[in-house]
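Asker: Quick one: structure below, then a few questions.
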Amino acid sequence: MTRKAAAVRWVIQSVENRVLFIVLAGLLIPTLWVGMMADDYYLAIRVLEPTLLPPINDASLFNMFSVSDGQSATNHYLVQQGLMPWWTSTEFHFQMWRPLAELSHWLDYSLWPHTPMLMHLHQLIWVLLFFTLAYRFLLRFSDERAVGLLAFAVFAISANHGQTIAWLASRNTLMATAFGMAAVLLHVRSRQCGQALSSVVGFRLLALLAFVAALLSSEYGLSASAWLFAWTFTLDRGGIQRRIVRLMPYGVIMLLWAAVYQYWNHGVTASEYYTDPARSPWQYGLALLEAVPVILFNSVTHMPAGMFGSAKFGQLGWYVALTTSLLFLYLIRVSLRQPGQRFFLLGSLLCMIPIAAGPGGPRILAFVSLGITPLLASIVIKWAFQSETPAKQRIVSGILAWPVLLLTVLSVATLPTVSVVYRDHDRSNVAQPARQLPITEQDVNSSLVLINPNSMFYAIFYPLSRAYQGLPNPRNFYPLASGDRSMTLQRDAEHSFVLTPKDGFLLEPAAYFMRSKSELFSVGQRFEYEGLEVEILSLLQDGRPATARFAFTKSLASDDIHLLRCEDHRFLPLQLPSVGATINLAPCGG
């Protein structure tokens with residue numbers, strides 16, 4: 001037996017004798033100490049201090065996944081509270097319907113609001129269900145047991161699950177995937193449980209309930225319908241009409257779900273991160289074309305295509321992803337003669353349809369990976385064990401198999417690493433900077449202006465983090481520009497100054513979460529908020545603001561305005577220059 005065959009057999013046996021499960025448990029334990037991060041603060045404040053956030057009328061239970069109803073007044077309020085940047089579109093709209101996920105978070109913040117370790121322990125219950133159902137799914141539908149066992153090993157330790165498991169706010173993805181897999185398994189059981197009508201009806205009802213639960217956990221629950229469709233048209237029996245009829249109850253549920261979604265105005269608009277297929281079909285089509293090879297690449301290699309440069313359509317990272325995807329499809333072409341392999345490929349491809357509407361990223365790849373990993377496993381097993389395979393085929397398979405095996409082994413370090421990185425990242429970028437802001441109870445009616453926070457994205461979590469820590473917030477909270485680069489500040493009047501950051505404003509990718517790139521800026525454009533007016537004075541060649549004037553209704557020297565600059569990751573009072581003078585501000589990190 002060759003070394004590669006022995007290595008692959010050892011991995012398969014580690015799943016068979018449950019050694020892998022012990023290893024996996026050890027990898028999960030460090031996530032208990034991750035703590036809070038980013039969106040977690042928003043979820044917490046919706047339960048602990050809901051008056052800080054605007055009420056939104058929709059079908060949500062606690063508005064945990066509803067940020068803005070798209071009303072101009074709501075967006076203005078959020079900007080004035082420091083929860084959105086000043087350039088936010090007045091039409092920005094973000095409302096998600098995830099009541100089951102909301103209930104799970106409500107339980108956390110009601111029972112142990114300041115004990116994140118218990119929240120992560122709760123998260124691990126969903127992780128256990130997630131992996132248990134994935135194990136059953138892969139063994140149930142793989143043509144060979146060895147393929148299913150190897151597929152689960154690759155799936156379980158994939159780096160793609162790191163964020164999904166370690167970040168509390170991504171629990172909705174865990175829940176939707178777990179319920180979705182349950183729906184498929186129960187549906188298949190109802191088709192293969194013999195002639196007992198009670199058993200058929202019972203399993204079908206359970207499958208429908210699991211499907212409902214998937215949709216009520218997250219929009220990604222729609223991917224369960226892709227797997228139901230794939231199984232029905234590759235592995236089920238009977239005529240086409242009968243197969244369609246069996247899927248109709250799931251279609252009715254999706255129509256009811258969509259009706260509620262539409263009636264209560266759920267969805268996202270004026271954001272670069274989400275594309276509504278119904279409102280922007282052309283834009284969604286381009287997003288799908290861009291996303292398919294990138295999603296395949298991420299699922300096959302366990303790493304983002306962006307590591308090779310931008311993964312946008314036509315860029316280097318996208319071409320790397322496309323090339324890898326074509327090689328993968330070439331290697332599985334023969335195995336697609338087996339219905340089970342066709343089921344895995346079709347299910348994975350159909351899952352990409354709802355995924356392409358969202359921001360992407362590894363945490364939404366679970367449904368896709370359910371089909372990609374067994375296809376990968378079949379490639380690796382043939383490459384490792386079938387010595388009679390033509391040399392050319394073995395060489396081509398090795399081009400994909402060796403990197404996949406290496407990256408799979410490296411993925412073992414993902415959860416422990418992510419656990420440390422996320423914990424320290426939150427402390428350095430949100431929790432500690434928010435706590436150190438010089439705000440007292442006497443400042444609750446004043447305006448706080450952060451000239452150059454290290455990151456505009458993290459700065460919008462400062463008010464939430466402060467509220468979670470029981471600290472006071474000012475009446476108005478205005479972060480102005482990302483301070484990870486130098487900028488100049490010219491005081492042009494008693495009440496205003498002109499800010500010119502190096503490389504302009506909206507430099508971070510997350511800057512366009514609350515504004516679509518199709519909504520262009522213009523010279524002279526003004527943004528008016530309580531006590532503040534922003535005027536764009538010049539633009540860069542790519543259309544982003546290069547220089548902006550910030551004018552306040554009160555003098556900059558007023559006790560009601562606190563101007564802070566970031567220096568060496570600390571916020572200090574800005575020494576006001578005289579009218580007409582210009583000062584240079586170094587990057588926040590020094």
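Convention: chains lettered A, B, ... in structure tokens order; per-chain residue numbering from 1; ligands numbered from 1 as shown.
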When you look at stretch 68-70 of chain A with a cut-off of 7 Å (counting only C-alpha atoms), what residues show up, excluding the ones that are within fewer than 4 positions of it in the same chain? I need them as an MDAnalysis selection string.
Answerer: chainID A and resid 56 74:75 91:95
Asker: Using only C-alpha atoms, determine which residues lie at most 12 Å from stretch 303-319 of chain A, disregarding the query and same-chain residues fewer than 6 positions distant; provide the list as a ChimeraX atom specification.
Answerer: /A:158-162,285-297,325-326,360-363,365,403-404,406-408,410-411,414,509
Asker: Skipping near chain neighbours, those fewer than 2 positions away, what residues fall within 8 Å of A:Leu43 using only C-alpha atoms, listed as an mmCIF file with N, CA and C atoms, in the first residue's frame?
Answerer:
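So the final result, stored in selection_21.cif, reads:
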data_model
loop_
_atom_site.group_PDB
_atom_site.id
_atom_site.type_symbol
_atom_site.label_atom_id
_atom_site.label_comp_id
_atom_site.auth_asym_id
_atom_site.auth_seq_id
_atom_site.Cartn_x
_atom_site.Cartn_y
_atom_site.Cartn_z
ATOM 1 N N ASP A 39 -21.640 42.257 15.240
ATOM 2 C CA ASP A 39 -23.097 42.183 15.253
ATOM 3 C C ASP A 39 -23.659 41.636 16.560
ATOM 4 N N ASP A 40 -22.824 40.915 17.315
ATOM 5 C CA ASP A 40 -23.298 40.381 18.597
ATOM 6 C C ASP A 40 -23.794 41.500 19.506
ATOM 7 N N TYR A 41 -23.158 42.673 19.426
ATOM 8 C CA TYR A 41 -23.574 43.793 20.269
ATOM 9 C C TYR A 41 -24.946 44.310 19.854
ATOM 10 N N ILE A 45 -28.170 44.490 22.368
ATOM 11 C CA ILE A 45 -28.856 45.745 22.704
ATOM 12 C C ILE A 45 -30.333 45.674 22.346
ATOM 13 N N ARG A 46 -30.697 44.906 21.346
ATOM 14 C CA ARG A 46 -32.115 44.737 21.019
ATOM 15 C C ARG A 46 -32.891 44.115 22.180
ATOM 16 N N VAL A 47 -32.177 43.391 23.035
ATOM 17 C CA VAL A 47 -32.818 42.776 24.202
ATOM 18 C C VAL A 47 -32.600 43.618 25.457
ATOM 19 N N MET A 64 -34.060 41.859 15.909
ATOM 20 C CA MET A 64 -32.623 41.596 16.023
ATOM 21 C C MET A 64 -31.901 41.632 14.682
ATOM 22 N N PHE A 65 -32.582 41.222 13.625
ATOM 23 C CA PHE A 65 -31.957 41.218 12.307
ATOM 24 C C PHE A 65 -32.578 42.285 11.400
ATOM 25 N N HIS A 105 -31.148 33.749 20.429
ATOM 26 C CA HIS A 105 -30.342 34.837 20.990
ATOM 27 C C HIS A 105 -31.064 35.501 22.167
ATOM 28 N N ALA A 169 -23.296 35.637 16.107
ATOM 29 C CA ALA A 169 -24.282 36.211 15.190
ATOM 30 C C ALA A 169 -24.533 35.338 13.968
#
Asker: Give one line per residue of stretch 392-449 of chain A that approaches stretch 374-379 of chain A to at most 12 Å, naming the two atoms of the closest pair and their distance in Å to one decimal, counting only C-alpha atoms; sort by chain then ascending residue number and deliver it as CSV.
Answerer:
residue,atom,partner,partner_atom,distance
A:Gln393,CA,A:Ile379,CA,10.5
A:Arg394,CA,A:Ile379,CA,9.8
A:Ile395,CA,A:Ile379,CA,12.0
A:Val396,CA,A:Ile379,CA,10.5
A:Ser397,CA,A:Ile379,CA,6.9
A:Gly398,CA,A:Ile379,CA,9.2
A:Ile399,CA,A:Ile379,CA,11.2
A:Leu400,CA,A:Ile379,CA,8.9
A:Ala401,CA,A:Ile379,CA,7.4
A:Trp402,CA,A:Ile379,CA,11.0
A:Pro403,CA,A:Leu376,CA,11.8
A:Val404,CA,A:Leu376,CA,8.6
A:Leu405,CA,A:Leu376,CA,10.1
A:Thr408,CA,A:Leu376,CA,11.5
Asker: At what distance in Å, to one decimal, does atom CA of A:Leu139 lie from atom CA of A:Trp126?
Answerer: 20.1 Å
Asker: Considering only helix (DSSP H, G or I) as DSSP defines it on the backbone, what residues of stretch 271-484 of chain A qualify? List them as a VMD selection string.
Answerer: chain A and resid 281 to 301 305 to 308 316 to 331 335 to 337 339 to 355 362 to 364 366 to 385 391 to 436 441 to 443 456 to 459 462 to 468
Asker: Pull the strand (DSSP E) assignments for stretch 501-531 of chain A out of DSSP run on the backbone, and list those residues as a list in words.
Answerer: Pro501, Arg526, Phe527, Glu528 and Tyr529 of chain A
Asker: List the neighbours of A:Tyr250 out to 12 Å using only C-alpha atoms; skip same-chain residues closer than 4 positions along the sequence, and give me the result as JSON, numbers by chain.
Answerer: {"A": [180, 183, 184, 187, 204, 205, 207, 208, 209, 210, 211, 212, 214, 215, 221, 222, 223, 224, 225, 226, 227, 228, 229, 244, 245, 246, 254, 255, 256, 257]}
Asker: Tell me, as a list in words, which residues lie within 8 Å of stretch 475-482 of chain A, counting only C-alpha atoms; anything in the same chain fewer than 4 positions away does not count.
Answerer: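 So, after excluding close chain neighbours, the residues are Val79, Gln80, Gln81, Gly82, Pro85, Trp86, Asp443, Val444, Asn445, Ser446, Ser447, Leu448, Val449, Leu450, Ile451, Asn452, Pro453, Asn454, Ser455, Met456, Ala459, Ile460, Pro463, Pro501, Phe505, Leu506, Leu507, Glu508 and Glu530 of chain A.
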Asker: Name the residues in contact with A:Leu336 at a cut-off of 12 Å, using only C-alpha atoms, excluding same-chain residues fewer than 4 positions from it; report them as a list in words.
Answerer: Asp143, Thr234, Leu329, Tyr330, Leu331, Ile332, Gly340, Gln341, Arg342, Phe343, Phe344, Leu345, Leu346, Leu375, Ser378 and Ile379 of chain A
Asker: So which one's closest to A:Asn57, A:Asn265, A:Ser170, A:Thr132, A:Thr88? Using only C-alpha atoms, please.
Answerer: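 Distance minimum relative to A:Asn57 lands on A:Asn265.
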Asker: Quick one, how far is atom CA of A:Gly238 from atom CA of A:Ala146?
Answerer: 29.3 Å
Asker: One decimal, in Å: what's the spacing between atom CA of A:His569 and atom CA of A:Gly531?
Answerer: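 Atom-to-atom, atom CA of A:His569 to atom CA of A:Gly531, that is 26.9 Å.
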Asker: Ranking A:Arg98, A:Arg243, A:Arg565, A:His76 by minimum distance to A:Leu61 and counting only C-alpha atoms, which one comes first?
Answerer: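 Nearest candidate to A:Leu61 out of A:Arg98, A:Arg243, A:Arg565, A:His76: A:Arg98.
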Asker: Find the residues near A:Arg427: any atom within 12 Å, counting only C-alpha atoms, skip ones fewer than 6 places away on the same chain, and give them as a list in words.
Answerer: Val34, Gly35, Met36, Met37, Ala38, Val420, Val421, Pro433, Ala434, Arg435, Gln436, Tyr458, Tyr462, Ser465 and His569 of chain A
Asker: How would the residues just picked look written out with C-alpha atoms as a JSON list (two decimals), in the first residue's frame?
Answerer:
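For reference, again-v3.json as written:
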[["chain", "number", "residue", "atom", "x", "y", "z"],
["A", 34, "VAL", "CA", -14.26, 33.96, 21.96],
["A", 35, "GLY", "CA", -16.63, 36.45, 23.60],
["A", 36, "MET", "CA", -18.63, 39.08, 21.70],
["A", 37, "MET", "CA", -17.90, 40.51, 18.27],
["A", 38, "ALA", "CA", -19.44, 43.12, 15.96],
["A", 420, "VAL", "CA", -7.93, 33.73, 19.65],
["A", 421, "VAL", "CA", -8.04, 36.13, 16.70],
["A", 433, "PRO", "CA", -11.65, 51.67, 22.30],
["A", 434, "ALA", "CA", -15.35, 52.09, 23.15],
["A", 435, "ARG", "CA", -14.66, 51.87, 26.87],
["A", 436, "GLN", "CA", -11.78, 54.34, 26.69],
["A", 458, "TYR", "CA", -15.81, 49.13, 13.94],
["A", 462, "TYR", "CA", -18.82, 51.75, 19.77],
["A", 465, "SER", "CA", -20.50, 48.20, 22.98],
["A", 569, "HIS", "CA", -4.95, 53.62, 19.14]]
